[in-house]
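Raw query_31.cif, mmCIF, C-alpha atoms:
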data_protein
loop_
_atom_site.label_atom_id
_atom_site.label_comp_id
_atom_site.auth_asym_id
_atom_site.auth_seq_id
_atom_site.Cartn_x
_atom_site.Cartn_y
_atom_site.Cartn_z
CA MET J 1168 27.00 39.23 26.74
CA GLU J 1169 29.06 36.11 26.25
CA ILE J 1170 28.57 33.83 23.31
CA SER J 1171 28.63 30.62 25.30
CA LYS J 1172 26.71 28.40 22.89
CA ASN J 1173 28.67 26.42 20.34
CA LYS J 1174 25.85 25.62 17.97
CA ALA J 1175 24.46 27.83 15.23
CA LEU J 1176 21.48 27.11 13.01
CA LEU J 1177 21.82 28.56 9.53
CA VAL J 1178 18.71 29.46 7.54
CA ARG J 1179 18.88 30.35 3.85
CA ASP J 1180 15.42 31.83 3.69
CA ILE J 1181 13.19 32.67 0.77
CA ALA J 1182 12.29 36.24 -0.21
CA ARG J 1183 9.40 37.43 1.97
CA SER J 1184 7.33 40.54 2.57
CA GLY J 1185 8.64 43.16 4.96
CA ILE J 1186 6.02 42.32 7.56
CA ASP J 1187 6.90 38.63 7.46
CA ASN J 1188 10.64 39.26 7.55
CA MET J 1189 10.37 41.44 10.64
CA ARG J 1190 7.86 39.14 12.31
CA ILE J 1191 10.22 36.19 11.87
CA ASP J 1192 13.23 38.00 13.33
CA ASP J 1193 11.14 39.23 16.24
CA CYS J 1194 9.82 35.71 16.81
CA LEU J 1195 13.36 34.28 16.80
CA LEU J 1196 14.37 36.81 19.45
CA GLN J 1197 11.32 36.20 21.63
CA ARG J 1198 11.82 32.44 21.47
CA ALA J 1199 15.54 32.55 22.27
CA VAL J 1200 16.28 30.45 25.34
CA PRO J 1201 19.48 30.40 27.41
CA GLU J 1202 20.52 26.94 26.27
CA GLY J 1203 19.31 27.38 22.71
CA PRO J 1204 21.44 27.78 19.61
CA ILE J 1205 22.35 30.96 17.78
CA VAL J 1206 20.11 31.34 14.72
CA VAL J 1207 21.55 32.99 11.62
CA ARG J 1208 19.19 33.92 8.78
CA ILE J 1209 20.05 35.19 5.29
CA TYR J 1210 17.15 36.65 3.36
CA ARG J 1211 15.78 38.97 0.70
CA TRP J 1212 12.55 40.92 0.32
CA SER J 1213 9.79 40.07 -2.12
CA GLU J 1214 9.39 43.72 -3.24
CA PRO J 1215 11.29 46.96 -2.67
CA THR J 1216 10.54 47.88 0.93
CA LEU J 1217 11.68 50.49 3.43
CA SER J 1218 12.42 49.19 6.91
CA LEU J 1219 12.35 52.04 9.42
CA GLY J 1220 14.48 52.18 12.53
CA HIS J 1221 12.48 51.46 15.67
CA PHE J 1222 12.05 55.12 16.64
CA GLN J 1223 11.54 56.51 13.14
CA GLN J 1224 8.23 57.78 11.78
CA ILE J 1225 7.44 57.46 8.06
CA GLU J 1226 6.26 61.10 8.08
CA GLU J 1227 9.88 62.17 8.63
CA LEU J 1228 10.71 61.03 5.09
CA VAL J 1229 8.67 63.83 3.49
CA ASP J 1230 10.95 66.52 4.91
CA ASP J 1231 14.18 64.58 4.44
CA PRO J 1232 16.39 65.45 1.43
CA ALA J 1233 16.06 61.84 0.24
CA GLY J 1234 12.27 62.03 0.28
CA ARG J 1235 12.25 65.43 -1.44
CA SER J 1236 14.62 64.33 -4.20
CA GLN J 1237 12.88 60.99 -4.74
CA PRO J 1238 9.20 61.36 -3.82
CA SER J 1239 8.54 57.81 -5.05
CA LEU J 1240 10.22 56.56 -1.86
CA ASN J 1241 7.08 57.67 -0.05
CA ARG J 1242 5.01 55.22 -2.07
CA LEU J 1243 6.99 52.11 -1.15
CA HIS J 1244 5.76 49.56 1.33
CA TRP J 1245 7.36 50.10 4.66
CA VAL J 1246 7.77 48.23 7.93
CA ARG J 1247 9.30 49.15 11.27
CA ARG J 1248 12.24 47.17 12.63
CA LYS J 1249 12.70 46.25 16.28
CA THR J 1250 16.31 47.42 15.92
CA GLY J 1251 17.56 50.99 15.91
CA GLY J 1252 19.22 53.24 13.33
CA GLY J 1253 17.90 54.71 10.08
CA ALA J 1254 15.64 53.44 7.32
CA ILE J 1255 16.95 50.87 4.85
CA LEU J 1256 15.76 50.47 1.28
CA HIS J 1257 15.64 46.71 0.80
CA ASP J 1258 15.87 46.15 -2.93
CA GLN J 1259 19.26 45.35 -4.48
CA GLU J 1260 20.71 44.03 -1.24
CA ILE J 1261 20.96 41.01 1.07
CA THR J 1262 19.80 41.12 4.66
CA TYR J 1263 21.26 39.03 7.44
CA SER J 1264 20.03 38.57 10.97
CA PHE J 1265 21.20 36.57 13.93
CA VAL J 1266 19.87 36.01 17.42
CA ILE J 1267 22.18 35.16 20.31
CA PRO J 1268 20.40 33.95 23.46
CA ALA J 1269 21.18 35.94 26.61
CA SER J 1270 23.55 34.40 29.12
CA LYS J 1271 22.80 34.12 32.80
CA GLY J 1272 23.63 36.89 35.22
CA LEU J 1273 23.31 40.60 34.69
CA LEU J 1274 21.54 41.70 31.55
CA ASP J 1275 23.30 44.08 29.22
CA LYS J 1276 21.84 47.27 27.82
CA GLY J 1277 23.06 49.11 24.75
CA ALA J 1278 25.05 48.15 21.70
CA ASN J 1279 27.43 45.22 21.55
CA GLU J 1280 30.20 46.75 19.46
CA VAL J 1281 32.22 43.54 19.43
CA LEU J 1282 29.54 41.90 17.30
CA TYR J 1283 29.21 44.89 14.97
CA ARG J 1284 32.96 44.90 14.44
CA ALA J 1285 33.34 41.13 14.09
CA VAL J 1286 30.86 40.99 11.21
CA HIS J 1287 31.86 44.23 9.53
CA GLU J 1288 35.60 43.52 9.66
CA ALA J 1289 35.05 40.07 8.16
CA VAL J 1290 33.02 41.57 5.31
CA ARG J 1291 35.62 44.32 4.88
CA ASP J 1292 38.41 41.77 4.57
CA GLY J 1293 36.36 39.77 2.08
CA LEU J 1294 35.72 42.84 -0.06
CA ILE J 1295 39.40 43.74 0.00
CA ARG J 1296 40.16 40.25 -1.33
CA LEU J 1297 37.68 40.99 -4.12
CA GLY J 1298 39.72 44.06 -5.00
CA LEU J 1299 37.60 46.78 -3.38
CA GLU J 1300 39.03 49.51 -1.18
CA ALA J 1301 36.79 48.73 1.78
CA SER J 1302 37.24 50.13 5.26
CA LEU J 1303 35.32 50.91 8.42
CA SER J 1304 33.93 54.44 8.33
CA GLU J 1305 35.41 55.62 11.65
CA ASN J 1306 33.16 58.67 11.20
CA CYS J 1307 29.90 59.46 12.92
CA THR J 1308 26.82 61.46 12.02
CA CYS J 1309 25.14 60.26 15.23
CA ALA J 1310 22.81 62.50 17.19
CA VAL J 1311 23.96 61.95 20.74
CA ALA J 1312 23.16 63.22 24.18
CA LYS J 1313 26.70 63.36 25.51
CA ASN J 1314 27.07 67.11 25.62
CA SER J 1315 24.98 69.45 27.66
CA GLY J 1316 21.77 70.60 26.04
CA PRO J 1317 19.11 68.71 24.15
CA VAL J 1318 20.03 65.81 21.92
CA ALA J 1319 20.81 66.68 18.34
CA LYS J 1320 17.46 65.44 17.08
CA ASN J 1321 15.92 68.33 18.95
CA SER J 1322 18.46 70.96 18.01
CA GLY J 1323 17.99 71.00 14.26
CA GLU J 1324 20.89 68.66 13.53
CA GLU J 1325 18.76 65.95 11.98
CA GLU J 1326 20.42 62.77 10.81
CA PRO J 1327 19.57 61.61 7.29
CA PHE J 1328 16.46 59.43 7.20
CA LEU J 1329 18.20 56.65 5.28
CA CYS J 1330 20.67 54.43 7.12
CA PHE J 1331 23.02 54.33 4.15
CA GLN J 1332 23.36 58.12 4.23
CA ARG J 1333 24.37 58.01 7.89
CA ARG J 1334 27.74 57.02 9.31
CA THR J 1335 28.77 55.32 12.52
CA PRO J 1336 32.39 54.34 13.14
CA VAL J 1337 31.78 50.64 12.44
CA ASP J 1338 29.85 51.14 9.20
CA LEU J 1339 31.55 49.55 6.20
CA VAL J 1340 32.38 51.89 3.33
CA VAL J 1341 33.97 51.60 -0.10
CA GLY J 1342 35.40 55.02 -0.73
CA ALA J 1343 32.63 57.42 0.20
CA HIS J 1344 29.88 54.83 -0.20
CA LYS J 1345 28.42 52.85 2.68
CA VAL J 1346 27.82 49.25 1.68
CA LEU J 1347 27.04 47.53 5.00
CA GLY J 1348 25.16 48.77 8.04
CA SER J 1349 23.86 46.85 11.05
CA ALA J 1350 21.65 47.48 14.07
CA GLN J 1351 20.70 45.62 17.25
CA ARG J 1352 18.01 44.96 19.83
CA ARG J 1353 18.85 43.57 23.30
CA THR J 1354 16.18 42.08 25.51
CA ARG J 1355 15.96 39.65 28.40
CA ALA J 1356 15.83 36.88 25.80
CA GLY J 1357 18.92 37.82 23.85
CA LEU J 1358 20.44 39.98 21.15
CA LEU J 1359 19.12 40.44 17.62
CA GLN J 1360 21.42 41.95 15.02
CA HIS J 1361 20.22 42.94 11.55
CA GLY J 1362 22.46 44.00 8.71
CA SER J 1363 22.07 44.99 5.08
CA LEU J 1364 24.73 44.46 2.40
CA LEU J 1365 24.11 46.79 -0.54
CA LEU J 1366 24.87 45.05 -3.83
CA ARG J 1367 23.66 47.50 -6.47
CA ALA J 1368 21.95 50.87 -6.73
CA SER J 1369 18.18 50.61 -6.60
CA ARG J 1370 15.96 52.20 -9.21
CA GLU J 1371 14.01 53.57 -6.27
CA PHE J 1372 16.99 55.63 -5.07
CA GLY J 1373 19.96 55.62 -7.41
CA ALA J 1374 22.18 57.83 -5.28
CA LEU J 1375 23.23 54.88 -3.11
CA LEU J 1376 25.76 52.70 -4.91
CA GLY J 1377 26.41 49.06 -4.06
CA ILE J 1378 29.38 46.74 -4.22
CA GLU J 1379 28.85 45.77 -7.85
CA ASP J 1380 28.75 49.44 -8.84
CA LEU J 1381 32.05 50.08 -7.08
CA GLY J 1382 34.21 47.11 -8.11
CA GLU J 1383 34.73 44.54 -10.82
CA ILE J 1384 32.72 41.62 -9.54
CA PRO J 1385 32.25 38.41 -11.58
CA LEU J 1386 28.80 37.95 -13.10
CA GLU J 1387 26.31 35.92 -11.08
CA PHE J 1388 28.49 36.24 -8.00
CA PRO J 1389 27.14 34.00 -5.20
CA TRP J 1390 26.58 36.77 -2.63
CA GLU J 1391 24.46 34.72 -0.23
CA GLU J 1392 27.12 32.04 0.25
CA TRP J 1393 29.84 34.68 0.31
CA LEU J 1394 28.05 36.55 3.10
CA ILE J 1395 27.47 33.35 5.05
CA ASP J 1396 31.21 32.65 4.89
CA ARG J 1397 31.96 36.16 6.14
CA LEU J 1398 29.53 35.75 9.05
CA ARG J 1399 31.25 32.47 9.96
CA GLU J 1400 34.61 34.23 9.85
CA GLY J 1401 33.29 37.06 11.98
CA PHE J 1402 31.81 34.80 14.65
CA GLY J 1403 34.99 32.72 14.48
CA THR J 1404 36.99 35.64 15.83
CA ILE J 1405 34.84 35.48 18.98
CA VAL J 1406 34.03 31.81 19.52
CA PRO J 1407 34.17 28.61 17.44
CA LEU J 1408 30.70 27.50 16.36
CA ASN J 1409 29.34 24.32 14.82
CA TYR J 1410 26.92 25.19 12.04
CA GLU J 1411 23.87 23.20 11.10
CA ASP J 1412 21.89 24.03 7.98
CA LEU J 1413 18.22 24.29 8.78
CA GLU J 1414 15.72 23.24 6.13
CA LEU J 1415 12.89 25.67 5.55
CA LYS J 1416 10.27 23.18 6.74
CA ASP J 1417 12.16 22.75 10.00
CA PHE J 1418 12.55 26.51 10.22
CA GLY J 1419 8.78 26.86 10.08
CA TYR J 1420 8.52 24.43 12.96
CA LEU J 1421 11.04 26.49 14.93
CA LEU J 1422 8.84 29.56 14.51
CA GLY J 1423 5.80 27.70 15.78
CA MET Y 150 14.11 65.23 46.18
CA SER Y 151 17.65 63.97 46.46
CA ILE Y 152 18.06 60.31 45.70
CA GLN Y 153 21.29 58.59 46.66
CA PRO Y 154 22.24 55.31 44.94
CA GLU Y 155 22.84 53.69 48.34
CA GLN Y 156 19.12 54.14 49.15
CA LEU Y 157 17.89 52.21 46.14
CA LYS Y 158 16.90 48.67 45.17
CA TYR Y 159 18.06 47.26 41.84
CA CYS Y 160 17.07 44.75 39.13
CA ASP Y 161 19.48 42.52 37.24
CA SER Y 162 18.48 44.57 34.19
CA HIS Y 163 19.82 47.76 35.86
CA GLU Y 164 16.62 49.57 36.76
CA TRP Y 165 16.54 51.17 40.20
CA VAL Y 166 13.55 51.80 42.44
CA TYR Y 167 13.20 54.29 45.27
CA ALA Y 168 10.38 53.50 47.68
CA PRO Y 169 10.84 55.10 51.11
CA ALA Y 170 8.42 54.11 53.84
CA ASP Y 171 6.83 57.59 53.88
CA ALA Y 172 6.02 57.59 50.13
CA SER Y 173 2.58 55.95 50.59
CA GLY Y 174 3.39 53.03 48.33
CA VAL Y 175 4.70 55.20 45.48
CA ALA Y 176 7.95 54.04 43.92
CA THR Y 177 10.23 56.13 41.70
CA VAL Y 178 12.02 54.24 38.92
CA GLY Y 179 15.05 54.92 36.72
CA ILE Y 180 18.16 53.19 35.37
CA SER Y 181 21.54 53.00 37.10
CA ALA Y 182 24.68 54.98 36.34
CA PHE Y 183 26.24 51.68 35.24
CA ALA Y 184 23.48 51.20 32.65
CA VAL Y 185 23.77 54.79 31.46
CA ALA Y 186 27.50 54.27 30.95
CA GLU Y 187 26.83 51.04 29.05
CA LEU Y 188 24.28 52.77 26.85
CA ASN Y 189 26.87 55.39 26.00
CA ASP Y 190 25.36 57.62 23.29
CA LEU Y 191 21.62 57.81 23.91
CA VAL Y 192 19.53 59.14 21.03
CA PHE Y 193 15.93 58.13 21.74
CA MET Y 194 13.77 57.15 24.68
CA ALA Y 195 10.16 56.08 25.00
CA LEU Y 196 8.41 56.13 28.38
CA PRO Y 197 5.01 54.76 29.48
CA SER Y 198 1.76 56.67 29.76
CA VAL Y 199 0.21 57.76 33.03
CA GLY Y 200 -2.43 55.22 33.99
CA GLN Y 201 -0.60 52.29 32.39
CA LYS Y 202 -0.60 49.19 34.55
CA LEU Y 203 2.65 47.25 34.76
CA ALA Y 204 3.67 43.90 36.17
CA ALA Y 205 7.08 43.42 37.74
CA GLY Y 206 9.51 42.55 34.95
CA GLN Y 207 7.30 44.01 32.22
CA GLU Y 208 8.75 46.45 29.70
CA PHE Y 209 7.88 50.05 30.54
CA GLY Y 210 10.02 51.87 27.98
CA GLU Y 211 12.86 51.65 25.50
CA VAL Y 212 16.10 53.46 24.77
CA GLU Y 213 18.24 53.59 21.64
CA SER Y 214 21.99 54.06 21.51
CA VAL Y 215 24.46 53.28 18.71
CA LYS Y 216 21.63 51.74 16.65
CA ALA Y 217 20.77 49.33 19.49
CA VAL Y 218 17.32 49.37 21.10
CA SER Y 219 17.10 48.15 24.70
CA PRO Y 220 13.86 47.75 26.68
CA MET Y 221 13.62 48.89 30.29
CA TYR Y 222 11.78 46.66 32.77
CA SER Y 223 9.59 47.68 35.69
CA PRO Y 224 11.05 46.52 39.03
CA VAL Y 225 7.61 46.38 40.66
CA SER Y 226 3.95 45.94 39.76
CA GLY Y 227 1.45 48.77 39.85
CA GLU Y 228 -0.01 51.76 38.01
CA VAL Y 229 2.05 54.55 36.49
CA ILE Y 230 0.97 57.81 38.15
CA GLU Y 231 3.64 60.21 36.87
CA VAL Y 232 6.20 60.24 34.04
CA ASN Y 233 9.28 62.42 33.65
CA SER Y 234 8.26 63.27 30.10
CA GLY Y 235 10.76 66.11 29.82
CA LEU Y 236 13.58 63.59 30.04
CA VAL Y 237 12.82 62.29 26.54
CA ASP Y 238 13.98 65.63 25.12
CA ARG Y 239 16.87 66.06 27.57
CA LEU Y 240 18.65 62.73 27.56
CA ASP Y 241 21.86 64.47 28.58
CA GLN Y 242 20.32 64.73 32.05
CA LEU Y 243 20.68 60.97 32.38
CA ASN Y 244 24.41 61.20 31.80
CA GLY Y 245 24.80 63.87 34.43
CA ASP Y 246 22.36 62.62 37.05
CA PRO Y 247 20.62 59.27 36.54
CA TYR Y 248 19.09 59.33 40.04
CA ASP Y 249 17.51 62.77 40.56
CA GLN Y 250 16.99 64.47 37.20
CA GLY Y 251 17.06 61.10 35.43
CA TRP Y 252 14.06 59.50 37.13
CA MET Y 253 11.64 58.02 34.59
CA MET Y 254 8.31 57.15 36.20
CA LYS Y 255 6.47 56.97 39.49
CA ILE Y 256 4.37 53.92 40.08
CA LYS Y 257 1.71 53.21 42.71
CA MET Y 258 2.77 49.77 43.84
CA SER Y 259 0.14 47.03 43.97
CA ASP Y 260 2.44 44.65 45.85
CA PRO Y 261 5.19 46.39 47.87
CA SER Y 262 6.46 42.99 49.02
CA GLU Y 263 8.08 42.68 45.57
CA LEU Y 264 10.75 45.12 46.78
CA ALA Y 265 12.22 42.36 48.93
CA LYS Y 266 13.11 40.39 45.79
CA LEU Y 267 15.36 43.15 44.46
CA MET Y 268 19.06 43.71 45.13
CA ASP Y 269 20.26 46.30 47.61
CA TYR Y 270 23.10 48.66 46.70
CA GLN Y 271 25.84 46.38 47.99
CA ALA Y 272 24.53 43.33 46.15
CA TYR Y 273 24.14 45.31 42.93
CA GLN Y 274 27.65 46.74 43.22
CA LYS Y 275 28.99 43.24 43.71
CA MET Y 276 27.17 42.00 40.61
CA ILE Y 277 28.38 44.77 38.34
CA SER Y 278 31.93 44.41 39.65
CA GLN Y 279 31.83 40.75 38.59
CA HIS Y 280 30.34 41.61 35.24
CA GLY Y 281 32.76 41.06 32.39
#
With the file now loaded, output its structure as structure tokens.
Amino acid sequence: MEISKNKALLVRDIARSGIDNMRIDDCLLQRAVPEGPIVVRIYRWSEPTLSLGHFQQIEELVDDPAGRSQPSLNRLHWVRRKTGGGAILHDQEITYSFVIPASKGLLDKGANEVLYRAVHEAVRDGLIRLGLEASLSENCTCAVAKNSGPVAKNSGEEEPFLCFQRRTPVDLVVGAHKVLGSAQRRTRAGLLQHGSLLLRASREFGALLGIEDLGEIPLEFPWEEWLIDRLREGFGTIVPLNYEDLELKDFGYLLG
Amino acid sequence: MSIQPEQLKYCDSHEWVYAPADASGVATVGISAFAVAELNDLVFMALPSVGQKLAAGQEFGEVESVKAVSPMYSPVSGEVIEVNSGLVDRLDQLNGDPYDQGWMMKIKMSDPSELAKLMDYQAYQKMISQHG
């Protein structure tokens, strides 16, 4: 997929329910048109919510070490994402999404690693400037089908249920702690990428530490604007874009 | 059954269809070796149910690799009459043989003339060779 458009609409959204957040991202992907702009959305969640990877079942949480150690996770609201990967606890974090319309010609299948890396390396560099020892994981807990025999999910080598307890090579870590993970969906219309930047440990699952737990960050740090700047930097390594801030009322119009 | 890639028709979204004249309007569908290579590390797959009716271009299943979910699109219209359900638990078979062991569904075509709109092997090879 080429990023051939030079316009990006930027939406600083309000906190919404899990169902609304996922519905909006899905709608943005479905409405992507070849000549349309890239839409970037920064958002939070109105209550602690689990978003499950597209192929995950909530019942899997009961048998997962995370669910056994913290049974209250099973009582949270949950929603299923259209993107892959593991479940994310949306509480003390910021979520980003962007939709890039598909270009003409052959359609791509599978992950676009260039986009994963562009965003994650920009956030990594930003965290390093804030004094954190951030790096890409370069490790993998993935269950894959490369070798002969059934895939790992069927051979007893279960991946952790929670995304932030998994590792892929492009995940962003500070020491042993994952602080940014992203996932994608690619359709005829375009590519949707979600990502979650973990700011602080959640009361719902304290084992996962965030950036503010791992470094000396100024009080009231403007994370939303900081993340927007990192996304601009990341996209800038691929193609120059002109950004236009989209007011929420115009955003509603865009969604129809 | 031994399916050779040269015998197949292809979509721009990398699904192949095998519909020989003696198959009584039944088409076998899968995804190309090029797509399997692009997908790299497959972890999940969902396939349609027998009896499901599909239009050409409609999603019939999904695959996940490296946290990316990609739909698969039916090359032709018709009713699903058989699904390779064992493939979901043996995704490695797609890596080794996307054309014989890696077939995904058989569909009773409602409009076989749709096959003429698809690419033949040479046209598909040309497209993927031009693909950046």
#### Entry: Explicit residue set for the PyMOL selection byres ((chain Y) within 9 of (chain J)), as JSON, numbers by chain
{"Y": [160, 161, 162, 163, 184, 185, 187, 188, 189, 190, 191, 192, 193, 194, 195, 212, 213, 214, 215, 216, 217, 218, 219, 220, 221, 238, 239, 240, 241, 242, 243, 244, 245, 276, 277, 280, 281]}
### Query
Got a sec to resolve the PyMOL selection byres ((chain J and resi 1177) around 7) on this structure and send the residues as a ChimeraX atom specification?
/J:1175-1176,1178-1179,1206-1208,1410-1413
Can you write just those residues out, C-alpha atoms, as a PDB file, in the frame of the given file?
ATOM      1  CA  ALA J1175      24.460  27.830  15.230  1.00  0.00           C
ATOM      2  CA  LEU J1176      21.480  27.110  13.010  1.00  0.00           C
ATOM      3  CA  VAL J1178      18.710  29.460   7.540  1.00  0.00           C
ATOM      4  CA  ARG J1179      18.880  30.350   3.850  1.00  0.00           C
ATOM      5  CA  VAL J1206      20.110  31.340  14.720  1.00  0.00           C
ATOM      6  CA  VAL J1207      21.550  32.990  11.620  1.00  0.00           C
ATOM      7  CA  ARG J1208      19.190  33.920   8.780  1.00  0.00           C
ATOM      8  CA  TYR J1410      26.920  25.190  12.040  1.00  0.00           C
ATOM      9  CA  GLU J1411      23.870  23.200  11.100  1.00  0.00           C
ATOM     10  CA  ASP J1412      21.890  24.030   7.980  1.00  0.00           C
ATOM     11  CA  LEU J1413      18.220  24.290   8.780  1.00  0.00           C
TER      12      LEU J1413
END
Selected by the PyMOL selection byres ((chain Y and resi 154) around 9) in the shown coordinates: which residues, as a CSV table (one decimal) with C-alpha atoms, in the frame of the given file?
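So result.csv came out as:
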chain,number,residue,atom,x,y,z
Y,152,ILE,CA,18.1,60.3,45.7
Y,153,GLN,CA,21.3,58.6,46.7
Y,155,GLU,CA,22.8,53.7,48.3
Y,156,GLN,CA,19.1,54.1,49.2
Y,157,LEU,CA,17.9,52.2,46.1
Y,158,LYS,CA,16.9,48.7,45.2
Y,165,TRP,CA,16.5,51.2,40.2
Y,181,SER,CA,21.5,53.0,37.1
Y,182,ALA,CA,24.7,55.0,36.3
Y,248,TYR,CA,19.1,59.3,40.0
Y,270,TYR,CA,23.1,48.7,46.7
### Task
For J:Phe1328, please output as an MDAnalysis selection string all residues within 8 Å (counting only C-alpha atoms; exclusion window: fewer than 5 positions along the same chain).
chainID J and resid 1227:1228 1231 1233 1253:1254
### Task
Identify which of the residues J:Cys1307, J:Ile1395, J:Val1266, J:Leu1386 lies closest to J:Leu1196, counting only C-alpha atoms when measuring atom-to-atom distances.
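With only C-alpha atoms as the atom set, the closest residue is J:Val1266.
Of the residues listed (J:Asp1192, J:Glu1400, J:Glu1392, J:Glu1414), J:Asp1192 shows the shortest atom-to-atom separation from J:Arg1248; distances use all atoms listed in the file.
Separating atom CA of J:Phe1418 from atom CA of J:Leu1394 is a distance of 19.8 Å.
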### Neighbour list for Y:Ala172 as an NGL selection string, cut-off 12 Å, all atoms listed in the file, skip fewer than 3 positions in-chain
:Y and (150 or 167-169 or 175-177 or 255-258 or 261)
#### Entry: atom CA of Y:Ala205 to atom CA of Y:Ser223, distance in Å rounded to a single decimal
5.4 Å
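Of the listed residues (J:Glu1300, J:Asp1180, J:Glu1371, J:Glu1383), J:Glu1371 comes nearest to J:Glu1214; the distances count all atoms listed in the file.
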### Message
I'd like to know which of J:Ile1295, J:Val1286, J:Leu1376, J:Leu1422 is closest to J:Asp1338, using only C-alpha atoms.
### Response
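Looking at the shortest contact to J:Asp1338, the residue is J:Val1286.
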### Query
Quick one: residues within 8 Å of J:Asp1258, all atoms listed in the file counted, chain neighbours fewer than 2 positions away excluded, as JSON, numbers by chain?
{"J": [1212, 1214, 1215, 1216, 1256, 1260, 1369]}
### Task
Could you give me, as a VMD selection string, the residues that have an atom at most 6 Å away from the point (29.4, 28.2, 18.8) in the coordinates of the file, using all atoms listed in the file?
chain J and resid 1172 to 1174 1406 to 1409
### Nearest-residue call for Y:Tyr222, choices Y:Ser173, Y:Gln207, Y:Gln250, Y:Ser234, using only C-alpha atoms
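When distances to Y:Tyr222 are compared using only C-alpha atoms, the smallest one comes from Y:Gln207.
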### Message
If I take atom CA of J:Leu1243 and atom CA of J:Leu1364, how far is one from the other in Å, to one decimal?
### Response
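So the two atoms, atom CA of J:Leu1243 and atom CA of J:Leu1364, lie 19.6 Å apart.
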### Message
Which polymer residues, whether protein, DNA or RNA, lie within 9 Å of the coordinate (-2.1, 47.8, 35.0) when you count all atoms listed in the file? List them as a count of residues only, using the chain letters and numbers from the file.
### Response
9
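Proximity of J:Gln1237, J:Leu1339, J:Leu1297, J:Leu1365 to J:Ile1384, computed with only C-alpha atoms, is greatest for J:Leu1297.
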### Task
Please provide as a PyMOL selection string all residues within 6 Å of Y:Val178, with the sequence filter that same-chain residues fewer than 2 positions apart are discarded (counting only C-alpha atoms).
chain Y and resi 165-166+252-254
